[in-house]
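Visitor: Below is one structure. I have some questions about it.
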Amino acid sequence: MEFRYEDAARSRGFSLICGIDEAGRGPLAGPVYAAAVILPQDCDLPGLNDSKKLSEKKREALFPKIKEQAIAWAVASASVEEIDSLNILQATFLAMRRALEALDPPADYALVDGNRTPPLSVPAQTIIGGDGLSPSIAAASILAKVSRDHYMETLDRLYPEYQFIKHKGYGTALHRELILKNGPSPVHRKSFLGKILGVKP
């Protein structure tokens with residue numbers, strides 16, 4: 001994967017270009033996560049790709065290497081309560097802003113996966129499928145995904161009756177069945193459960 005988008009931003013005078021991506025927009029439970037990563041051009045991260053195209057083992061192997069080699073990285077989240085009060089898109093944007101603002105040194109330009117530009121404090125460019133096109137976004141996708149998965153494993157220990165370790169909060173048949181059996185937990189997104197529970201959100 002080449003630094004094509006990063007190089008284009010550098011040619012326009014930017015120097016600290018970060019990639020931003022999210023994990024967990026679709027699940028029925030748990031926070032939405034976002035990460036921001038500034039990579040050096042000489043980073044050595046074999047196999048770096050969109051987190052969804054990598055095995056869990058490969059993501060876990062790249063996770064510490066990205067953090068070790070990055071010029072700066074940050075992971076942030078928006079809570080279930082924020083998702084329910086703001087809506088998932090705005091909560092995702094909030095997590096992205098938090099990740100960007102936590103970078104040290106700060107970025108001066110952002111490459112964001114997707115087609116919607118969050119309100120950020122630096123100029124930004126959206127790239128559809130960016131996690132498979134930009135190394136910076138791919139690195140952010142891995143940090144966000146692995147961080148969220150680790151958090152869902154913590155929730156599994158707190159709420160074992162929902163088996164979060166198996167589905168990470170996504171709306172699998174098993175997860176839906178356990179919601180109907182046990183009712184929603186405090187970490188479920190109430191605004192996502194209307195159809196399952198047969199009530200208006």
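As shown in the structure tokens, the chain order sets the letters A, B, ...; within each chain, residues go from 1, and ligands are also counted from 1 in the order they appear.
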What are the closest atom pairs, with distances in Å to one decimal, for each residue of segment 23-132 of chain A lying within 10 Å of segment 136-144 of chain A, using only C-alpha atoms, rows by chain and rising residue number, as a Markdown table?
Guide:
```
| residue | atom | partner | partner_atom | distance |
| --- | --- | --- | --- | --- |
| A:Ala23 | CA | A:Ala144 | CA | 5.5 |
| A:Gly24 | CA | A:Ala144 | CA | 8.6 |
| A:Val32 | CA | A:Ala144 | CA | 8.9 |
| A:Tyr33 | CA | A:Ala144 | CA | 5.6 |
| A:Ala34 | CA | A:Ala144 | CA | 5.1 |
| A:Ala35 | CA | A:Ala140 | CA | 4.9 |
| A:Ala36 | CA | A:Ala140 | CA | 5.4 |
| A:Val37 | CA | A:Ala140 | CA | 5.5 |
| A:Ile38 | CA | A:Ser136 | CA | 6.3 |
| A:Leu39 | CA | A:Ser136 | CA | 6.0 |
| A:Pro40 | CA | A:Ser136 | CA | 9.2 |
| A:Gln41 | CA | A:Ser136 | CA | 9.9 |
| A:Leu45 | CA | A:Ala139 | CA | 9.2 |
| A:Leu48 | CA | A:Ala138 | CA | 6.7 |
| A:Asn49 | CA | A:Ala138 | CA | 5.3 |
| A:Asp50 | CA | A:Ala138 | CA | 4.9 |
| A:Ser51 | CA | A:Ile142 | CA | 5.0 |
| A:Lys52 | CA | A:Ser141 | CA | 8.4 |
| A:Leu54 | CA | A:Ile142 | CA | 9.0 |
| A:Glu56 | CA | A:Ile142 | CA | 9.9 |
| A:Lys58 | CA | A:Ile142 | CA | 9.7 |
| A:Arg59 | CA | A:Ile142 | CA | 6.2 |
| A:Glu60 | CA | A:Ile142 | CA | 8.4 |
| A:Leu62 | CA | A:Ile142 | CA | 7.7 |
| A:Phe63 | CA | A:Leu143 | CA | 6.0 |
| A:Pro64 | CA | A:Leu143 | CA | 8.9 |
| A:Lys65 | CA | A:Ala139 | CA | 9.8 |
| A:Ile66 | CA | A:Ala139 | CA | 6.6 |
| A:Lys67 | CA | A:Leu143 | CA | 8.3 |
| A:Ala70 | CA | A:Ala139 | CA | 9.1 |
| A:Trp73 | CA | A:Ala140 | CA | 8.2 |
| A:Ala74 | CA | A:Leu143 | CA | 8.5 |
| A:Val75 | CA | A:Ala144 | CA | 6.4 |
| A:Ala76 | CA | A:Ala144 | CA | 8.1 |
| A:Ser77 | CA | A:Ala144 | CA | 8.9 |
| A:Ala99 | CA | A:Ala144 | CA | 9.9 |
| A:Ala110 | CA | A:Ile137 | CA | 9.4 |
| A:Leu111 | CA | A:Ile137 | CA | 6.9 |
| A:Val112 | CA | A:Ile137 | CA | 6.9 |
| A:Asp113 | CA | A:Ile137 | CA | 6.6 |
| A:Ile127 | CA | A:Ile137 | CA | 9.3 |
| A:Gly129 | CA | A:Ile137 | CA | 9.5 |
| A:Gly130 | CA | A:Ile137 | CA | 6.2 |
| A:Asp131 | CA | A:Ala138 | CA | 4.2 |
| A:Gly132 | CA | A:Ala138 | CA | 6.3 |
```
Visitor: Mind checking DSSP for segment 50-144 of chain A and telling me the strand (DSSP E) residues as a ChimeraX atom specification?
Guide: /A:72-78,109-113,124-127
Visitor: Let's have the selection written as a CSV table (one decimal), in the first residue's frame, with N, CA and C atoms.
Guide:
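Output below, filename part07.csv:
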```
chain,number,residue,atom,x,y,z
A,72,ALA,N,2.7,9.5,16.0
A,72,ALA,CA,1.6,9.7,17.0
A,72,ALA,C,0.5,8.8,16.7
A,73,TRP,N,-0.2,8.4,17.8
A,73,TRP,CA,-1.4,7.6,17.6
A,73,TRP,C,-2.4,7.9,18.8
A,74,ALA,N,-3.6,7.7,18.6
A,74,ALA,CA,-4.6,7.9,19.7
A,74,ALA,C,-5.9,7.1,19.4
A,75,VAL,N,-6.5,6.6,20.4
A,75,VAL,CA,-7.7,5.9,20.3
A,75,VAL,C,-8.7,6.5,21.2
A,76,ALA,N,-10.0,6.7,20.7
A,76,ALA,CA,-11.0,7.3,21.5
A,76,ALA,C,-12.3,6.6,21.3
A,77,SER,N,-13.3,7.0,22.0
A,77,SER,CA,-14.6,6.3,21.9
A,77,SER,C,-15.7,7.3,22.2
A,78,ALA,N,-16.9,6.9,21.8
A,78,ALA,CA,-18.2,7.6,22.2
A,78,ALA,C,-19.0,6.5,22.9
A,109,TYR,N,-3.3,17.7,9.1
A,109,TYR,CA,-4.2,17.3,8.0
A,109,TYR,C,-4.7,15.9,8.3
A,110,ALA,N,-5.9,15.6,7.9
A,110,ALA,CA,-6.5,14.3,8.2
A,110,ALA,C,-7.1,13.6,7.0
A,111,LEU,N,-6.8,12.3,6.8
A,111,LEU,CA,-7.4,11.5,5.8
A,111,LEU,C,-8.4,10.6,6.6
A,112,VAL,N,-9.7,10.7,6.2
A,112,VAL,CA,-10.8,10.0,6.9
A,112,VAL,C,-11.4,9.0,6.0
A,113,ASP,N,-11.6,7.8,6.5
A,113,ASP,CA,-12.3,6.7,5.8
A,113,ASP,C,-13.7,7.1,5.6
A,124,ALA,N,-9.4,18.3,6.2
A,124,ALA,CA,-9.6,16.8,6.1
A,124,ALA,C,-10.1,16.5,4.7
A,125,GLN,N,-9.7,15.2,4.3
A,125,GLN,CA,-10.2,14.7,3.0
A,125,GLN,C,-10.8,13.3,3.3
A,126,THR,N,-11.9,13.0,2.8
A,126,THR,CA,-12.5,11.7,2.9
A,126,THR,C,-12.1,10.8,1.7
A,127,ILE,N,-12.0,9.5,2.0
A,127,ILE,CA,-11.6,8.6,1.0
A,127,ILE,C,-12.5,7.3,1.2
```
Visitor: Looking at only C-alpha atoms, which of A:Ile165, A:Ala61, A:Leu89, A:Ile71 is the one that sits closest to Gly26 of chain A?
Guide: A:Leu89
Visitor: Pick out the residues sitting within 7 Å of segment 150-158 of chain A, and hand them over as a PyMOL selection string; count only C-alpha atoms, and ignore anything fewer than 4 positions along from it in its own chain.
Guide: chain A and resi 30+146+163-165+168
Visitor: Just checking: using only C-alpha atoms, which residue out of A:Ala173, A:Ile196, A:Ile17, A:Leu100 ends up closest to Ser121 of chain A?
Guide: A:Leu100
Visitor: Just the residues within 8 Å of segment 170-172 of chain A, please, counting only C-alpha atoms, with nothing from its chain fewer than 2 positions along; format it as a PyMOL selection string.
Guide: chain A and resi 26-29+167-168+174-176
Visitor: Please produce a file of the residues just selected, as a PDB file, in the first residue's frame, where the atoms kept are C-alpha atoms.
Guide:
```
ATOM      1  CA  GLY A  26     -23.125  -1.279  13.427  1.00  0.00           C
ATOM      2  CA  PRO A  27     -23.233  -3.276  16.687  1.00  0.00           C
ATOM      3  CA  LEU A  28     -26.190  -3.375  19.053  1.00  0.00           C
ATOM      4  CA  ALA A  29     -23.991  -2.919  22.129  1.00  0.00           C
ATOM      5  CA  HIS A 167     -19.995 -11.517  18.585  1.00  0.00           C
ATOM      6  CA  LYS A 168     -18.422  -8.275  19.934  1.00  0.00           C
ATOM      7  CA  LEU A 174     -27.097 -15.590  18.985  1.00  0.00           C
ATOM      8  CA  HIS A 175     -26.871 -12.014  20.253  1.00  0.00           C
ATOM      9  CA  ARG A 176     -30.472 -11.225  19.290  1.00  0.00           C
TER      10      ARG A 176
END
```
